[in-house]
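S.K.: If you scroll down you'll find the structure; I have some questions about it.
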Amino acid sequence: MSFFPKISFQCEVEEYLTKVFRNNELITALGTQEAENKYQSLLSRLSHPPSFTTVRVNTHLASVKHVKKLLFEEIQKQFKGLCVPVLEHPKLQDILLIPVIGPRRDLKKHPSEVIVGAQCGYAVLRGAHVYVPGIISTSRFVKAGDLVSVYSDIEGKCKRGAKEFEGVKVFLGNGISELSRSEIFSSSGPLKGLGVRMIEPVYLSPSFDDVLPSNLFLQNLPSVVVSHILNPQPGEKILDMCAAPGGKATHLATLMHDQGEVIAMDRIANKVKKIKLNAELLQLNCIKAFCYDGTKALSVEKREDEQEGPPFLPESFDRILLDAPCSGMGQRPNMAYSSTLKEVTSYQPLQRKLFTVAVKLLKPGGVLVYSTCTITLSENEEQVAWALKRFPCLQLHPQEPHIGGEGMKGAGLSLDQLKLLQRFDPAAVTLQGMDINSLQDFREDDLISLANKDCIGFFIAKFIKSKSK
């Protein structure tokens, strides 16, 4: 049963998605009712967090076993002795999985309220505390040390500094205010730092604030799968075209044992700084980050031999990851998606520009992995159909590991082609909560299976570029 309302969209986006998930191919394969049930299940799942927190171990610095022990001790400390397991994944041997306890339906709500923005609220549902920049409003007399109930303003209608809010708000749990109302909304400028320390969140997930920062990277399970599928080898030259904030780039460097070259690009300077900081924190030296627009990364003129950065000559890279900018509809939790239809449909042409450059930059015999964190056909299966038609040199290739489901019908791809794709579909698992008692009843294999399915919406395609004849 849903704890939160289904994700809401602007009307035109809702109409667009309804057509996508009731397309003729899908209806023919599943029947109208089954297709509709899957779509409604997806909408419910998207508004809830995944059932597991996934962290990638930086195996460049420490073993998984060592970090698992440290993490188990940290979680016991945070959860005051509550015994929540830390699981190793049999196919992704550099990640650890922590079951999320919740939703907890018996929490008492307090008279003093703190209202936070939607993005802050989603972070709280995945284990974060509340930081001051995320706070929009508080009750009139909130003081440091007060017990407060925290709510998310999912529609963005609460005015900053309001003393009460009667609009649509979603209960996130209870915490202790670290500051008074007057300190939070100080006229001397916005404060930073911790605003509310969550002590009774609706979903109990560990906080990773300053927890083993050089040994762990918080990353969704499908995002880890992507790097394994690209399978970079020591000594190779790899391109991560849209790399910020650096999770996949640092993973690629780790898989290569920090031997070779990972070129990480992003067109926003602050995000490139984040890539560099993450590489430094994880002590990886083979990553070179550049602020550059990936659509312009192909050089039309001869380069100077000593030039390190973009643009690059054709056929410069052994493997390329295009984790493309996308509409992001697979992210969880998300209760109110605010983008317009114009914004949603703007990604397909941009993805095709990036893809075209990627194909030209890839060496013959090289590997190109395309991925998104969204659920639409236009950004996923339709892009694969377009790529296979547009670039005869590309062939779809099996993915290893293959943990998600096959591709979705509706883009005219054959059943064999769909089986080569990987779509992580939150609707593939029944919505269920997990309390500490039911957790003990699960076998480890069942928990791993649940973690594989109950994650964010994500899509992966792997191509090989045929060698020149």
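Labels used: A, B, ... for chains in the order of the structure tokens, numbers from 1 for residues in each chain, and numbers from 1 for ligands as shown.
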Out of segment 214-416 of chain A, which residues get strand (DSSP E) from DSSP, as an MDAnalysis selection string?

M.R.: chainID A and resid 216:218 237:240 261:266 287:291 317:323 362:372 394:396

S.K.: Can you pull out every residue within 6 Å of segment 145-155 of chain A, counting only C-alpha atoms, but drop anything in the same chain fewer than 3 positions away, and send it as number ranges by chain?

M.R.: A: 109-110, 112-118, 121, 169-178

S.K.: Output N, CA, C and O atoms of each residue in that selection to a file, as an mmCIF file, in the first residue's frame.

M.R.:
data_model
loop_
_atom_site.group_PDB
_atom_site.id
_atom_site.type_symbol
_atom_site.label_atom_id
_atom_site.label_comp_id
_atom_site.auth_asym_id
_atom_site.auth_seq_id
_atom_site.Cartn_x
_atom_site.Cartn_y
_atom_site.Cartn_z
ATOM 1 N N LYS A 109 3.325 13.023 15.618
ATOM 2 C CA LYS A 109 3.643 14.330 15.030
ATOM 3 C C LYS A 109 3.620 15.407 16.118
ATOM 4 O O LYS A 109 2.753 15.404 16.982
ATOM 5 N N HIS A 110 4.591 16.315 16.061
ATOM 6 C CA HIS A 110 4.732 17.375 17.072
ATOM 7 C C HIS A 110 4.111 18.688 16.596
ATOM 8 O O HIS A 110 4.023 18.937 15.381
ATOM 9 N N SER A 112 5.298 21.751 16.757
ATOM 10 C CA SER A 112 6.270 22.607 16.066
ATOM 11 C C SER A 112 6.658 21.957 14.739
ATOM 12 O O SER A 112 7.035 20.768 14.711
ATOM 13 N N GLU A 113 6.578 22.754 13.673
ATOM 14 C CA GLU A 113 6.815 22.211 12.331
ATOM 15 C C GLU A 113 7.969 22.932 11.648
ATOM 16 O O GLU A 113 8.191 24.128 11.854
ATOM 17 N N VAL A 114 8.677 22.171 10.821
ATOM 18 C CA VAL A 114 9.679 22.734 9.911
ATOM 19 C C VAL A 114 9.305 22.273 8.506
ATOM 20 O O VAL A 114 9.106 21.072 8.271
ATOM 21 N N ILE A 115 9.183 23.233 7.581
ATOM 22 C CA ILE A 115 8.859 22.915 6.194
ATOM 23 C C ILE A 115 10.123 23.038 5.363
ATOM 24 O O ILE A 115 10.829 24.044 5.431
ATOM 25 N N VAL A 116 10.422 22.008 4.576
ATOM 26 C CA VAL A 116 11.619 22.024 3.729
ATOM 27 C C VAL A 116 11.212 21.930 2.263
ATOM 28 O O VAL A 116 10.102 21.499 1.930
ATOM 29 N N GLY A 117 12.121 22.331 1.387
ATOM 30 C CA GLY A 117 11.879 22.213 -0.048
ATOM 31 C C GLY A 117 11.858 20.763 -0.493
ATOM 32 O O GLY A 117 12.347 19.865 0.205
ATOM 33 N N ALA A 118 11.309 20.536 -1.678
ATOM 34 C CA ALA A 118 11.134 19.163 -2.172
ATOM 35 C C ALA A 118 12.458 18.415 -2.266
ATOM 36 O O ALA A 118 12.562 17.268 -1.827
ATOM 37 N N GLY A 121 13.666 17.447 1.020
ATOM 38 C CA GLY A 121 12.795 16.382 1.523
ATOM 39 C C GLY A 121 13.159 15.020 0.968
ATOM 40 O O GLY A 121 13.179 14.016 1.699
ATOM 41 N N LYS A 169 1.616 19.223 2.051
ATOM 42 C CA LYS A 169 2.909 18.923 2.675
ATOM 43 C C LYS A 169 2.930 17.449 3.063
ATOM 44 O O LYS A 169 1.899 16.871 3.424
ATOM 45 N N VAL A 170 4.093 16.870 2.978
ATOM 46 C CA VAL A 170 4.255 15.442 3.237
ATOM 47 C C VAL A 170 5.150 15.251 4.460
ATOM 48 O O VAL A 170 6.253 15.813 4.523
ATOM 49 N N PHE A 171 4.674 14.473 5.405
ATOM 50 C CA PHE A 171 5.400 14.224 6.664
ATOM 51 C C PHE A 171 6.636 13.363 6.407
ATOM 52 O O PHE A 171 6.541 12.289 5.811
ATOM 53 N N LEU A 172 7.797 13.840 6.867
ATOM 54 C CA LEU A 172 9.063 13.133 6.656
ATOM 55 C C LEU A 172 9.625 12.506 7.920
ATOM 56 O O LEU A 172 10.557 11.700 7.852
ATOM 57 N N GLY A 173 9.085 12.919 9.081
ATOM 58 C CA GLY A 173 9.592 12.386 10.343
ATOM 59 C C GLY A 173 9.870 13.499 11.333
ATOM 60 O O GLY A 173 9.503 14.665 11.119
ATOM 61 N N ASN A 174 10.510 13.129 12.427
ATOM 62 C CA ASN A 174 10.767 14.072 13.521
ATOM 63 C C ASN A 174 12.264 14.243 13.745
ATOM 64 O O ASN A 174 13.057 13.341 13.500
ATOM 65 N N GLY A 175 12.599 15.448 14.270
ATOM 66 C CA GLY A 175 13.995 15.717 14.545
ATOM 67 C C GLY A 175 14.143 16.755 15.648
ATOM 68 O O GLY A 175 13.154 17.215 16.230
ATOM 69 N N ILE A 176 15.380 17.117 15.921
ATOM 70 C CA ILE A 176 15.686 18.148 16.923
ATOM 71 C C ILE A 176 16.271 19.350 16.193
ATOM 72 O O ILE A 176 17.260 19.223 15.453
ATOM 73 N N SER A 177 15.649 20.506 16.385
ATOM 74 C CA SER A 177 16.141 21.715 15.737
ATOM 75 C C SER A 177 17.486 22.112 16.350
ATOM 76 O O SER A 177 17.636 22.173 17.574
ATOM 77 N N GLU A 178 18.456 22.381 15.517
ATOM 78 C CA GLU A 178 19.778 22.797 15.979
ATOM 79 C C GLU A 178 19.859 24.313 16.166
ATOM 80 O O GLU A 178 20.798 24.815 16.783
#

S.K.: Write out as CSV a residue-level contact list of segment 86-165 of chain A versus segment 46-70 of chain A with cut-off 6 Å: for each qualifying residue the closest pair of atoms and the distance in Å to one decimal, counting only C-alpha atoms, rows sorted by chain and residue number upward.

M.R.:
residue,atom,partner,partner_atom,distance
A:Asp94,CA,A:Val57,CA,5.4
A:Ile95,CA,A:Arg56,CA,4.3
A:Leu96,CA,A:Val55,CA,5.4
A:Leu97,CA,A:Thr54,CA,4.9
A:Ile98,CA,A:Thr53,CA,5.1
A:Pro99,CA,A:Phe52,CA,4.5
A:Val100,CA,A:Phe52,CA,5.1

S.K.: Quick one: write out the picked residues with N, CA, C and O atoms as an mmCIF file, in the first residue's frame?

M.R.:
data_model
loop_
_atom_site.group_PDB
_atom_site.id
_atom_site.type_symbol
_atom_site.label_atom_id
_atom_site.label_comp_id
_atom_site.auth_asym_id
_atom_site.auth_seq_id
_atom_site.Cartn_x
_atom_site.Cartn_y
_atom_site.Cartn_z
ATOM 1 N N ASP A 94 31.781 -4.668 -5.733
ATOM 2 C CA ASP A 94 32.332 -3.470 -5.087
ATOM 3 C C ASP A 94 31.247 -2.616 -4.448
ATOM 4 O O ASP A 94 31.476 -1.453 -4.140
ATOM 5 N N ILE A 95 30.048 -3.175 -4.247
ATOM 6 C CA ILE A 95 29.005 -2.405 -3.569
ATOM 7 C C ILE A 95 28.521 -3.109 -2.302
ATOM 8 O O ILE A 95 28.673 -4.321 -2.145
ATOM 9 N N LEU A 96 27.961 -2.285 -1.418
ATOM 10 C CA LEU A 96 27.312 -2.777 -0.210
ATOM 11 C C LEU A 96 25.883 -2.261 -0.188
ATOM 12 O O LEU A 96 25.619 -1.130 -0.610
ATOM 13 N N LEU A 97 24.970 -3.093 0.300
ATOM 14 C CA LEU A 97 23.545 -2.764 0.315
ATOM 15 C C LEU A 97 23.038 -2.729 1.754
ATOM 16 O O LEU A 97 23.291 -3.657 2.532
ATOM 17 N N ILE A 98 22.341 -1.653 2.084
ATOM 18 C CA ILE A 98 21.753 -1.523 3.421
ATOM 19 C C ILE A 98 20.242 -1.422 3.280
ATOM 20 O O ILE A 98 19.740 -0.485 2.641
ATOM 21 N N PRO A 99 19.471 -2.369 3.823
ATOM 22 C CA PRO A 99 18.011 -2.282 3.726
ATOM 23 C C PRO A 99 17.489 -1.014 4.402
ATOM 24 O O PRO A 99 18.006 -0.591 5.442
ATOM 25 N N VAL A 100 16.478 -0.418 3.794
ATOM 26 C CA VAL A 100 15.833 0.779 4.347
ATOM 27 C C VAL A 100 14.617 0.340 5.158
ATOM 28 O O VAL A 100 13.743 -0.374 4.645
#

S.K.: Mind pulling up the distance from atom CA of Cys373 of chain A to atom CA of Gly328 of chain A?

M.R.: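 Going from atom CA of Gly328 of chain A over to atom CA of Cys373 of chain A, I get 5.3 Å.
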
S.K.: With only C-alpha atoms as the counted atoms, please give the residues lying no more than 9 Å from Ala461 of chain A, apart from itself and same-chain residues fewer than 4 positions off, as a ChimeraX atom specification.

M.R.: /A:368-371,380-381,384,396-399,420-423

S.K.: Segment 86-195 of chain A near segment 202-224 of chain A within 6 Å: what's each residue's closest atom pair and its distance in Å to one decimal, counting only C-alpha atoms, ordered by chain then ascending residue number, as a tab-separated table?

M.R.:
residue	atom	partner	partner_atom	distance
A:Val100	CA	A:Ser205	CA	5.4
A:Ile101	CA	A:Leu204	CA	5.0
A:Gly102	CA	A:Tyr203	CA	4.6
A:Pro103	CA	A:Tyr203	CA	5.2
A:Arg104	CA	A:Val202	CA	5.1
A:Leu125	CA	A:Tyr203	CA	5.8
A:Arg126	CA	A:Ser205	CA	5.9
A:Gly127	CA	A:Ser205	CA	4.4
A:Ala128	CA	A:Ser207	CA	5.3
A:Leu172	CA	A:Val202	CA	5.4
A:Gly173	CA	A:Val202	CA	4.9

S.K.: Fewer than 6 positions away in the same chain doesn't count, so skip those; otherwise give me all residues within 10 Å of Glu25 of chain A, counting only C-alpha atoms, as a ChimeraX atom specification.

M.R.: /A:31,408-412

S.K.: Got time to write the residues from that selection, N, CA, C and O atoms, as a CSV table (one decimal), in the first residue's frame?

M.R.:
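The resulting file, out14.csv, is reproduced below:
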chain,number,residue,atom,x,y,z
A,31,GLY,N,-1.8,-6.6,-22.9
A,31,GLY,CA,-3.2,-6.4,-22.7
A,31,GLY,C,-3.4,-5.0,-22.1
A,31,GLY,O,-2.5,-4.5,-21.3
A,408,MET,N,11.8,-1.9,-23.1
A,408,MET,CA,10.3,-1.8,-23.2
A,408,MET,C,9.9,-1.8,-24.7
A,408,MET,O,10.5,-1.1,-25.5
A,409,LYS,N,8.8,-2.4,-24.9
A,409,LYS,CA,8.2,-2.4,-26.3
A,409,LYS,C,7.6,-1.0,-26.6
A,409,LYS,O,7.2,-0.3,-25.8
A,410,GLY,N,7.6,-0.7,-27.9
A,410,GLY,CA,7.1,0.5,-28.4
A,410,GLY,C,7.9,1.3,-29.3
A,410,GLY,O,7.5,2.3,-29.9
A,411,ALA,N,9.2,0.9,-29.5
A,411,ALA,CA,10.1,1.6,-30.4
A,411,ALA,C,10.4,0.8,-31.7
A,411,ALA,O,11.3,1.2,-32.4
A,412,GLY,N,9.7,-0.3,-31.8
A,412,GLY,CA,9.9,-1.1,-33.1
A,412,GLY,C,11.1,-2.0,-33.0
A,412,GLY,O,11.5,-2.5,-34.1

S.K.: Going by DSSP on the backbone, which bits of segment 159-342 of chain A are helix (DSSP H, G or I)? Write them as a PyMOL selection string, please.

M.R.: chain A and resi 181-184+221-230+247-255+269-281+294-296+341-342

S.K.: With a distance cut-off of 10 Å and only C-alpha atoms, select the neighbouring residues of Pro133 of chain A, excluding the residue or stretch itself and same-chain residues fewer than 2 positions from it, and output the selection as number ranges by chain.

M.R.: A: 116-117, 120, 130-131, 135-136, 184-185, 190-195

S.K.: Write the residues of the preceding selection, restricted to N, CA, C and O atoms, as a PDB file, in the first residue's frame.

M.R.:
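selection-v3.pdb written:
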ATOM      1  N   VAL A 116      10.422  22.008   4.576  1.00  0.00           N
ATOM      2  CA  VAL A 116      11.619  22.024   3.729  1.00  0.00           C
ATOM      3  C   VAL A 116      11.212  21.930   2.263  1.00  0.00           C
ATOM      4  O   VAL A 116      10.102  21.499   1.930  1.00  0.00           O
ATOM      5  N   GLY A 117      12.121  22.331   1.387  1.00  0.00           N
ATOM      6  CA  GLY A 117      11.879  22.213  -0.048  1.00  0.00           C
ATOM      7  C   GLY A 117      11.858  20.763  -0.493  1.00  0.00           C
ATOM      8  O   GLY A 117      12.347  19.865   0.205  1.00  0.00           O
ATOM      9  N   CYS A 120      15.307  18.886  -0.687  1.00  0.00           N
ATOM     10  CA  CYS A 120      15.774  18.589   0.664  1.00  0.00           C
ATOM     11  C   CYS A 120      14.975  17.424   1.247  1.00  0.00           C
ATOM     12  O   CYS A 120      15.523  16.507   1.862  1.00  0.00           O
ATOM     13  N   VAL A 130      18.577  17.574   7.904  1.00  0.00           N
ATOM     14  CA  VAL A 130      18.103  18.801   7.243  1.00  0.00           C
ATOM     15  C   VAL A 130      19.144  19.895   7.432  1.00  0.00           C
ATOM     16  O   VAL A 130      19.499  20.238   8.568  1.00  0.00           O
ATOM     17  N   TYR A 131      19.610  20.453   6.330  1.00  0.00           N
ATOM     18  CA  TYR A 131      20.560  21.561   6.396  1.00  0.00           C
ATOM     19  C   TYR A 131      19.821  22.884   6.167  1.00  0.00           C
ATOM     20  O   TYR A 131      18.782  22.929   5.491  1.00  0.00           O
ATOM     21  N   ILE A 135      15.647  24.684   4.448  1.00  0.00           N
ATOM     22  CA  ILE A 135      14.482  25.047   5.273  1.00  0.00           C
ATOM     23  C   ILE A 135      13.769  26.253   4.671  1.00  0.00           C
ATOM     24  O   ILE A 135      14.380  27.285   4.400  1.00  0.00           O
ATOM     25  N   ILE A 136      12.453  26.118   4.470  1.00  0.00           N
ATOM     26  CA  ILE A 136      11.651  27.211   3.903  1.00  0.00           C
ATOM     27  C   ILE A 136      10.892  27.948   4.996  1.00  0.00           C
ATOM     28  O   ILE A 136      10.772  29.180   4.972  1.00  0.00           O
ATOM     29  N   ILE A 184      17.735  30.764  11.902  1.00  0.00           N
ATOM     30  CA  ILE A 184      17.547  30.163  10.574  1.00  0.00           C
ATOM     31  C   ILE A 184      17.270  31.239   9.532  1.00  0.00           C
ATOM     32  O   ILE A 184      17.799  31.208   8.421  1.00  0.00           O
ATOM     33  N   PHE A 185      16.415  32.205   9.897  1.00  0.00           N
ATOM     34  CA  PHE A 185      16.037  33.252   8.948  1.00  0.00           C
ATOM     35  C   PHE A 185      16.724  34.578   9.305  1.00  0.00           C
ATOM     36  O   PHE A 185      16.114  35.646   9.239  1.00  0.00           O
ATOM     37  N   PRO A 190      21.962  34.086   4.587  1.00  0.00           N
ATOM     38  CA  PRO A 190      21.626  32.678   4.778  1.00  0.00           C
ATOM     39  C   PRO A 190      22.726  31.931   5.526  1.00  0.00           C
ATOM     40  O   PRO A 190      23.908  32.088   5.231  1.00  0.00           O
ATOM     41  N   LEU A 191      22.314  31.173   6.512  1.00  0.00           N
ATOM     42  CA  LEU A 191      23.260  30.356   7.270  1.00  0.00           C
ATOM     43  C   LEU A 191      23.536  29.053   6.526  1.00  0.00           C
ATOM     44  O   LEU A 191      22.776  28.638   5.654  1.00  0.00           O
ATOM     45  N   LYS A 192      24.626  28.418   6.899  1.00  0.00           N
ATOM     46  CA  LYS A 192      24.908  27.082   6.395  1.00  0.00           C
ATOM     47  C   LYS A 192      24.877  26.135   7.589  1.00  0.00           C
ATOM     48  O   LYS A 192      24.631  26.547   8.710  1.00  0.00           O
ATOM     49  N   GLY A 193      25.124  24.874   7.330  1.00  0.00           N
ATOM     50  CA  GLY A 193      25.227  23.915   8.420  1.00  0.00           C
ATOM     51  C   GLY A 193      23.920  23.215   8.742  1.00  0.00           C
ATOM     52  O   GLY A 193      22.895  23.396   8.081  1.00  0.00           O
ATOM     53  N   LEU A 194      23.965  22.416   9.787  1.00  0.00           N
ATOM     54  CA  LEU A 194      22.848  21.558  10.161  1.00  0.00           C
ATOM     55  C   LEU A 194      21.708  22.363  10.756  1.00  0.00           C
ATOM     56  O   LEU A 194      21.914  23.183  11.638  1.00  0.00           O
ATOM     57  N   GLY A 195      20.495  22.128  10.247  1.00  0.00           N
ATOM     58  CA  GLY A 195      19.319  22.818  10.765  1.00  0.00           C
ATOM     59  C   GLY A 195      18.479  21.939  11.668  1.00  0.00           C
ATOM     60  O   GLY A 195      18.056  22.362  12.748  1.00  0.00           O
TER      61      GLY A 195
END

S.K.: Hey, which of A:Leu42, A:Ile456, A:Leu252, A:Val429 ends up closest to Gly235 of chain A? Count only C-alpha atoms.

M.R.: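 Going through A:Leu42, A:Ile456, A:Leu252, A:Val429 one by one, the smallest distance to Gly235 of chain A is for A:Leu252.
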
S.K.: Quick one: residues within 8 Å of Ala428 of chain A, only C-alpha atoms counted, chain neighbours fewer than 2 positions away excluded, as a PDB file with all heavy atoms, in the first residue's frame?

M.R.:
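Saved to selection22.pdb:
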ATOM      1  N   LYS A  38       0.690  -1.783 -14.662  1.00  0.00           N
ATOM      2  CA  LYS A  38       2.139  -1.549 -14.569  1.00  0.00           C
ATOM      3  C   LYS A  38       2.441  -0.052 -14.497  1.00  0.00           C
ATOM      4  O   LYS A  38       3.295   0.394 -13.732  1.00  0.00           O
ATOM      5  CB  LYS A  38       2.861  -2.181 -15.767  1.00  0.00           C
ATOM      6  CG  LYS A  38       3.111  -3.678 -15.622  1.00  0.00           C
ATOM      7  CD  LYS A  38       3.806  -4.248 -16.838  1.00  0.00           C
ATOM      8  CE  LYS A  38       5.235  -3.761 -16.971  1.00  0.00           C
ATOM      9  NZ  LYS A  38       6.131  -4.327 -15.935  1.00  0.00           N
ATOM     10  N   ASP A 425      13.171  -1.098 -13.885  1.00  0.00           N
ATOM     11  CA  ASP A 425      11.787  -0.631 -13.819  1.00  0.00           C
ATOM     12  C   ASP A 425      11.268  -0.780 -12.390  1.00  0.00           C
ATOM     13  O   ASP A 425      11.042  -1.894 -11.924  1.00  0.00           O
ATOM     14  CB  ASP A 425      10.933  -1.462 -14.787  1.00  0.00           C
ATOM     15  CG  ASP A 425       9.461  -1.101 -14.736  1.00  0.00           C
ATOM     16  OD1 ASP A 425       9.111  -0.081 -14.096  1.00  0.00           O
ATOM     17  OD2 ASP A 425       8.649  -1.831 -15.337  1.00  0.00           O
ATOM     18  N   PRO A 426      11.083   0.339 -11.663  1.00  0.00           N
ATOM     19  CA  PRO A 426      10.585   0.240 -10.289  1.00  0.00           C
ATOM     20  C   PRO A 426       9.251  -0.482 -10.169  1.00  0.00           C
ATOM     21  O   PRO A 426       8.935  -1.014  -9.107  1.00  0.00           O
ATOM     22  CB  PRO A 426      10.452   1.704  -9.859  1.00  0.00           C
ATOM     23  CG  PRO A 426      11.412   2.451 -10.728  1.00  0.00           C
ATOM     24  CD  PRO A 426      11.393   1.733 -12.042  1.00  0.00           C
ATOM     25  N   THR A 430       6.470  -5.364  -6.168  1.00  0.00           N
ATOM     26  CA  THR A 430       5.295  -4.894  -5.429  1.00  0.00           C
ATOM     27  C   THR A 430       5.710  -3.907  -4.350  1.00  0.00           C
ATOM     28  O   THR A 430       6.717  -4.118  -3.665  1.00  0.00           O
ATOM     29  CB  THR A 430       4.578  -6.090  -4.762  1.00  0.00           C
ATOM     30  OG1 THR A 430       4.290  -7.060  -5.762  1.00  0.00           O
ATOM     31  CG2 THR A 430       3.277  -5.642  -4.111  1.00  0.00           C
ATOM     32  N   LYS A 453      15.675  -4.988  -8.132  1.00  0.00           N
ATOM     33  CA  LYS A 453      14.449  -4.497  -8.781  1.00  0.00           C
ATOM     34  C   LYS A 453      13.989  -3.155  -8.222  1.00  0.00           C
ATOM     35  O   LYS A 453      13.543  -2.278  -8.969  1.00  0.00           O
ATOM     36  CB  LYS A 453      13.332  -5.536  -8.608  1.00  0.00           C
ATOM     37  CG  LYS A 453      13.552  -6.844  -9.337  1.00  0.00           C
ATOM     38  CD  LYS A 453      12.332  -7.743  -9.173  1.00  0.00           C
ATOM     39  CE  LYS A 453      12.453  -9.030  -9.979  1.00  0.00           C
ATOM     40  NZ  LYS A 453      13.415  -9.973  -9.385  1.00  0.00           N
ATOM     41  N   ASP A 454      14.053  -3.000  -6.902  1.00  0.00           N
ATOM     42  CA  ASP A 454      13.470  -1.816  -6.265  1.00  0.00           C
ATOM     43  C   ASP A 454      14.519  -0.705  -6.154  1.00  0.00           C
ATOM     44  O   ASP A 454      14.981  -0.364  -5.075  1.00  0.00           O
ATOM     45  CB  ASP A 454      12.918  -2.178  -4.886  1.00  0.00           C
ATOM     46  CG  ASP A 454      12.039  -1.067  -4.320  1.00  0.00           C
ATOM     47  OD1 ASP A 454      11.733  -0.123  -5.066  1.00  0.00           O
ATOM     48  OD2 ASP A 454      11.673  -1.142  -3.138  1.00  0.00           O
TER      49      ASP A 454
END

S.K.: With only C-alpha atoms as the counted atoms, please give the residues lying no more than 10 Å from segment 267-282 of chain A, apart from itself and same-chain residues fewer than 5 positions off, as a ChimeraX atom specification.

M.R.: /A:58-61,213-217,241-251,253-254,287-295

S.K.: Find the distance between atom CA of Gly405 of chain A and atom CA of Gln351 of chain A and write it in Å to one decimal.

M.R.: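 Going from atom CA of Gly405 of chain A over to atom CA of Gln351 of chain A, I get 22.6 Å.
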